[in-house]
Every structure is written in structure tokens, then in C-alpha cells.
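Since the structure comes first, as C-alpha cells, the remarks are kept for the end.
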Amino acid sequence: MTVVIDDPLIARMDIRRTLPLHESSKRLRDLCPEGPRVYGVAVMGDVSRRRWWPLAEVLDTDRLRVMFDAATEETGSAVVAAQQLAATLAHVVIGRVMPLLVLEGRAWDIGLENLWVHVDSEGSIDWVGVVNPLLRALPDDPHFGPRGARASRRIGEGIVALPSEAALTTWVAHRAHRALEPLFVKLYQVSGGAMSVPAMWHTVGSAVVGTATQLPVLVRGSELSWMHVATEETGMGRAQAVLDALVGFGAPVRGLGRAWPTKVLLN
């Protein structure tokens, strides 16, 4: 039996104008009703900023060092602490947006300047928000109206169409690379080299692959009414395209070859 959690942060959101991102995030939250912050993001204009801070502050404050020291004390290992933080940063930047990209062919801006994080009472990141809620989407997104009208309509309130699947996945990969590269360098410095930067990029590959393989199972097991959901093959193709683009930007996201049941993704 699924237990629906009434999350106080979500309940207190003051949404004055519903945008496509609000609709998509609601569908993503419904994928995991017992943990509604697992998928989707908040729009910063809708929430109180208590315990929220810009992710970019990691680069010029001691926030990451404080998190690393706390994780090291808790786990007793600098290596484990670095691994945990690398996975957290990867999830905040790209792991959060991949479900929307895989399922709906949409994406919010994951640029470092657009992302905020919410922390719990112990200082651990437990939710993500965006300043600019504008979504990038595909030309055939249902938001743009009936199929015949989509050829002439590419911009709507809170959403804009990119020319193709390749353009969308490349844009996501580019924004992820620009955001994660300085974050991983900072983590390497803070951790005293406990984890190499290439190893951190491998966590990104794992996050992308994990999303593409897990989400179809969640969708099949849900009773959600989605605006549109990509086929499993299409969703995995999008994930593969993101990985390919990251490699093209010089990010070593691919580790040793792994045998996946579909043989579509090679991380």
C-alpha cells in the first residue's frame, strides 16, 4: 500500500501562476508519493527562502567543507564522504532533471546560477529549486497545441521548444558540464584528493543510467495521468544522447562497460 506524505514545504508553496514546470513537477512528485521531494523541483518564487541557498555559493564559501567534514565524521572515511558528496552534487544538477527529460522530453535550466538547494536541520541537501522556471522542450510537446498547430508555435508561457531531440539533450549535457566541472574541482580540493575528478564524473554516468532504467518501472507501476510519456526506448535514447554529449565535452562519464538488460545504455 502506497503511503502519501503531506510534505510541509510543498504544502506551503505559494503558486500564484501555474507554469509548465509546476505541472511537470507535480507529475514527477506523484511518482514517489511517499517521498514527494525525490523527483521534481521547487520554483524559488513560490517558497520561503529559509534554509535555502544558491548552489553557486559552494564555490566561494566553506559550505562544502562543512558538509565534507560532517560526512567524514559520520562515516569515518574521507573517501566515503567524498563519494557521497559527489553523488549528491551529481543528483542536484543532472539527476533531478533526467526524469523529466527521459519521460517528457522537457528540461529546466541546470546552470549553476539557476539552482538553489534546501538543507535539513543537519545541513544535508534534501530538495532543489530553480530561480528561472522556463522549460526547454521538443517541438511536438503537447503544450504547443494540436499536432497541426505545433509547426508554427514554439514558445509558450514558461516553455520554449528547441529544434530537435539532439538539440535538447546536447543543451542539457552542456549545462550539466558547465555546472559540475567547477563543483567537482572544489570537492577535490576540499577532500584533499580523496576522490579523483574522473571518478566523480563516473557518478554522473551512473545517475543518468540509473534514471533511464528505473523510471519506466515506476511509470508502469503508477496510476498517473501523464500529459505524454516517451516510450522506454526513446527515454533510454535520450539518456544515451546526454552521455554521448558529455563525453564530447570532455567529461569522463563512462566507466567500465556494464551489461544492461536492454543493451541500450553503456556507462
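Order determines the names: the first chain of the C-alpha cells is A, the second B, and so forth; residues in each chain are numbered 1 upward, and ligands are numbered 1 upward as they are shown.
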
Contacts of Val47 (chain A) at 8 Å or less, counting only C-alpha atoms, minus same-chain residues fewer than 5 places along, as a PyMOL selection string? chain A and resi 9+12-14+42

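Every protein, DNA or RNA residue with an atom at most 7 Å from Ala78 (chain A), where only C-alpha atoms count and chain neighbours fewer than 6 positions away do not, is listed here: Thr72, Ser191 and Ala194 of chain A.
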
Prev. selection, C-alpha atoms, output as a short mmCIF file (atom, residue, chain, number, x, y, z; two decimals), in the first residue's frame:
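What follows is the written file again34.cif:
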data_model
loop_
_atom_site.label_atom_id
_atom_site.label_comp_id
_atom_site.auth_asym_id
_atom_site.auth_seq_id
_atom_site.Cartn_x
_atom_site.Cartn_y
_atom_site.Cartn_z
CA THR A 72 33.69 12.32 7.25
CA SER A 191 38.52 16.46 0.25
CA ALA A 194 40.20 11.63 -1.51
#

Determine, counting only C-alpha atoms, which protein, DNA and RNA residues have an atom within 12 Å of an atom of Ser77 (chain A); residues of the same chain fewer than 5 positions away are not included. Present the result as JSON, numbers by chain. {"A": [68, 69, 70, 71, 72, 82, 83, 84, 191, 194, 195]}

Using only C-alpha atoms, which residue out of A:Pro54, A:Gly205, A:Pro182, A:Pro139 lies closest to Gln240 (chain A)? A:Gly205

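CA of Arg96 (chain A) is positioned 17.7 Å from CA of Gly237 (chain A).
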
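For region 34-266 of chain A, the set of residues given strand (DSSP E or B) by DSSP on the backbone reads Ala42, Val43, Trp52, Trp53, Pro54, Arg106, Ala107, Trp108, Leu115, Trp116, Val117, His118, Val119, Ile125, Asp126, Trp127, Val128, Gly129, Val130, Leu135, Arg136, Ala137, Ile155, Gly156, Ile159, Val160 and Ala161 of chain A.
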
Write a file of the selected residues as an mmCIF file, in the first residue's frame, keeping N, CA and C atoms.
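For reference, result.cif as written:
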data_model
loop_
_atom_site.group_PDB
_atom_site.id
_atom_site.type_symbol
_atom_site.label_atom_id
_atom_site.label_comp_id
_atom_site.auth_asym_id
_atom_site.auth_seq_id
_atom_site.Cartn_x
_atom_site.Cartn_y
_atom_site.Cartn_z
ATOM 1 N N ALA A 42 11.348 22.735 -6.832
ATOM 2 C CA ALA A 42 10.533 23.877 -6.444
ATOM 3 C C ALA A 42 10.912 25.069 -7.314
ATOM 4 N N VAL A 43 9.987 25.999 -7.438
ATOM 5 C CA VAL A 43 10.277 27.289 -8.061
ATOM 6 C C VAL A 43 10.532 28.272 -6.931
ATOM 7 N N TRP A 52 17.277 27.737 2.422
ATOM 8 C CA TRP A 52 17.642 27.629 1.016
ATOM 9 C C TRP A 52 18.892 28.465 0.774
ATOM 10 N N TRP A 53 19.772 28.009 -0.109
ATOM 11 C CA TRP A 53 20.907 28.834 -0.528
ATOM 12 C C TRP A 53 21.311 28.484 -1.960
ATOM 13 N N PRO A 54 21.889 29.454 -2.678
ATOM 14 C CA PRO A 54 22.281 29.217 -4.070
ATOM 15 C C PRO A 54 23.397 28.175 -4.144
ATOM 16 N N ARG A 106 11.392 17.205 -21.671
ATOM 17 C CA ARG A 106 11.464 18.579 -21.169
ATOM 18 C C ARG A 106 12.658 18.695 -20.222
ATOM 19 N N ALA A 107 13.108 19.923 -19.974
ATOM 20 C CA ALA A 107 14.213 20.133 -19.030
ATOM 21 C C ALA A 107 14.202 21.567 -18.539
ATOM 22 N N TRP A 108 14.460 21.731 -17.229
ATOM 23 C CA TRP A 108 14.691 23.076 -16.712
ATOM 24 C C TRP A 108 16.180 23.393 -16.847
ATOM 25 N N LEU A 115 20.279 27.225 -9.885
ATOM 26 C CA LEU A 115 19.921 26.195 -8.915
ATOM 27 C C LEU A 115 20.121 26.667 -7.470
ATOM 28 N N TRP A 116 19.133 26.387 -6.644
ATOM 29 C CA TRP A 116 19.219 26.568 -5.201
ATOM 30 C C TRP A 116 18.992 25.218 -4.537
ATOM 31 N N VAL A 117 19.493 25.075 -3.322
ATOM 32 C CA VAL A 117 19.279 23.829 -2.590
ATOM 33 C C VAL A 117 18.686 24.135 -1.221
ATOM 34 N N HIS A 118 17.861 23.205 -0.752
ATOM 35 C CA HIS A 118 17.287 23.298 0.586
ATOM 36 C C HIS A 118 18.004 22.287 1.462
ATOM 37 N N VAL A 119 18.312 22.670 2.700
ATOM 38 C CA VAL A 119 19.008 21.761 3.608
ATOM 39 C C VAL A 119 18.149 21.488 4.833
ATOM 40 N N ILE A 125 21.557 18.379 2.029
ATOM 41 C CA ILE A 125 20.675 18.815 0.946
ATOM 42 C C ILE A 125 19.526 17.823 0.794
ATOM 43 N N ASP A 126 18.296 18.335 0.822
ATOM 44 C CA ASP A 126 17.147 17.440 0.693
ATOM 45 C C ASP A 126 16.132 17.881 -0.352
ATOM 46 N N TRP A 127 16.390 19.016 -1.030
ATOM 47 C CA TRP A 127 15.492 19.426 -2.107
ATOM 48 C C TRP A 127 16.218 20.434 -2.975
ATOM 49 N N VAL A 128 15.684 20.676 -4.157
ATOM 50 C CA VAL A 128 16.312 21.562 -5.135
ATOM 51 C C VAL A 128 15.264 22.521 -5.682
ATOM 52 N N GLY A 129 15.683 23.751 -5.939
ATOM 53 C CA GLY A 129 14.797 24.747 -6.535
ATOM 54 C C GLY A 129 15.464 25.441 -7.697
ATOM 55 N N VAL A 130 14.658 26.072 -8.535
ATOM 56 C CA VAL A 130 15.181 26.829 -9.666
ATOM 57 C C VAL A 130 14.680 28.265 -9.582
ATOM 58 N N LEU A 135 11.068 26.134 -19.111
ATOM 59 C CA LEU A 135 11.411 24.805 -19.593
ATOM 60 C C LEU A 135 11.825 24.856 -21.051
ATOM 61 N N ARG A 136 12.796 24.018 -21.403
ATOM 62 C CA ARG A 136 13.081 23.728 -22.803
ATOM 63 C C ARG A 136 12.375 22.422 -23.131
ATOM 64 N N ALA A 137 11.825 22.341 -24.318
ATOM 65 C CA ALA A 137 11.042 21.175 -24.689
ATOM 66 C C ALA A 137 11.276 20.836 -26.152
ATOM 67 N N ILE A 155 6.865 28.797 -28.772
ATOM 68 C CA ILE A 155 7.061 29.485 -27.498
ATOM 69 C C ILE A 155 5.725 29.594 -26.781
ATOM 70 N N GLY A 156 5.710 29.254 -25.507
ATOM 71 C CA GLY A 156 4.526 29.415 -24.682
ATOM 72 C C GLY A 156 4.945 30.023 -23.357
ATOM 73 N N ILE A 159 7.694 28.058 -21.315
ATOM 74 C CA ILE A 159 8.238 26.934 -22.078
ATOM 75 C C ILE A 159 8.641 27.399 -23.474
ATOM 76 N N VAL A 160 9.718 26.837 -23.973
ATOM 77 C CA VAL A 160 10.176 27.148 -25.327
ATOM 78 C C VAL A 160 10.698 25.868 -25.958
ATOM 79 N N ALA A 161 10.444 25.699 -27.239
ATOM 80 C CA ALA A 161 10.876 24.487 -27.932
ATOM 81 C C ALA A 161 12.261 24.662 -28.539
#

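You can rank A:Pro133, A:Gly40, A:Pro252, A:Gly105 by their closest distance to Val197 (chain A) using only C-alpha atoms, and at the top of that list sits A:Pro252.
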
Can you work out the spacing between CA of Gly193 (chain A) and CA of Gly76 (chain A) in Å, to one decimal? 16.2 Å

Using only C-alpha atoms for the distances, tell me which of A:Asp140, A:His174, A:Ala11, A:Pro99 is nearest to Leu28 (chain A). A:Pro99

From the list A:Glu104, A:Asp60, A:Glu73, A:Asp30, the nearest residue to Thr231 (chain A) using only C-alpha atoms is A:Glu104

Which of region 154-266 of chain A fall in helix (DSSP H, G or I), as number ranges by chain: A: 165-190, 197-220, 232-248

Between A:Pro142, A:Gly158, A:Gly95, A:Pro36, which has the minimum distance to Gly210 (chain A) (counting only C-alpha atoms)? A:Gly95

Contact residues around Ile110 (chain A) with only C-alpha atoms at 10 Å, ignoring same-chain residues under 3 positions, as an mmCIF file with C-alpha atoms, in the first residue's frame:
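Output (result18.cif):
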data_model
loop_
_atom_site.group_PDB
_atom_site.id
_atom_site.type_symbol
_atom_site.label_atom_id
_atom_site.label_comp_id
_atom_site.auth_asym_id
_atom_site.auth_seq_id
_atom_site.Cartn_x
_atom_site.Cartn_y
_atom_site.Cartn_z
ATOM 1 C CA VAL A 92 21.247 18.012 -7.650
ATOM 2 C CA VAL A 93 22.467 19.128 -11.063
ATOM 3 C CA ILE A 94 21.621 16.354 -13.531
ATOM 4 C CA ARG A 96 16.980 15.714 -10.834
ATOM 5 C CA VAL A 97 16.345 16.840 -14.405
ATOM 6 C CA ALA A 107 14.213 20.133 -19.030
ATOM 7 C CA GLU A 113 23.321 30.250 -11.371
ATOM 8 C CA ASN A 114 19.780 28.852 -11.634
ATOM 9 C CA LEU A 115 19.921 26.195 -8.915
ATOM 10 C CA VAL A 130 15.181 26.829 -9.666
ATOM 11 C CA ASN A 132 14.026 30.655 -13.629
ATOM 12 C CA TRP A 171 21.824 21.596 -24.192
ATOM 13 C CA VAL A 172 21.222 19.573 -21.016
ATOM 14 C CA ALA A 173 24.672 17.993 -21.241
ATOM 15 C CA HIS A 174 26.347 21.353 -21.855
ATOM 16 C CA ARG A 175 24.649 22.977 -18.871
ATOM 17 C CA ALA A 176 25.481 19.972 -16.688
ATOM 18 C CA HIS A 177 29.135 20.077 -17.720
ATOM 19 C CA ARG A 178 29.434 23.800 -17.050
ATOM 20 C CA ALA A 179 27.839 23.409 -13.617
ATOM 21 C CA LEU A 180 29.519 20.223 -12.404
#
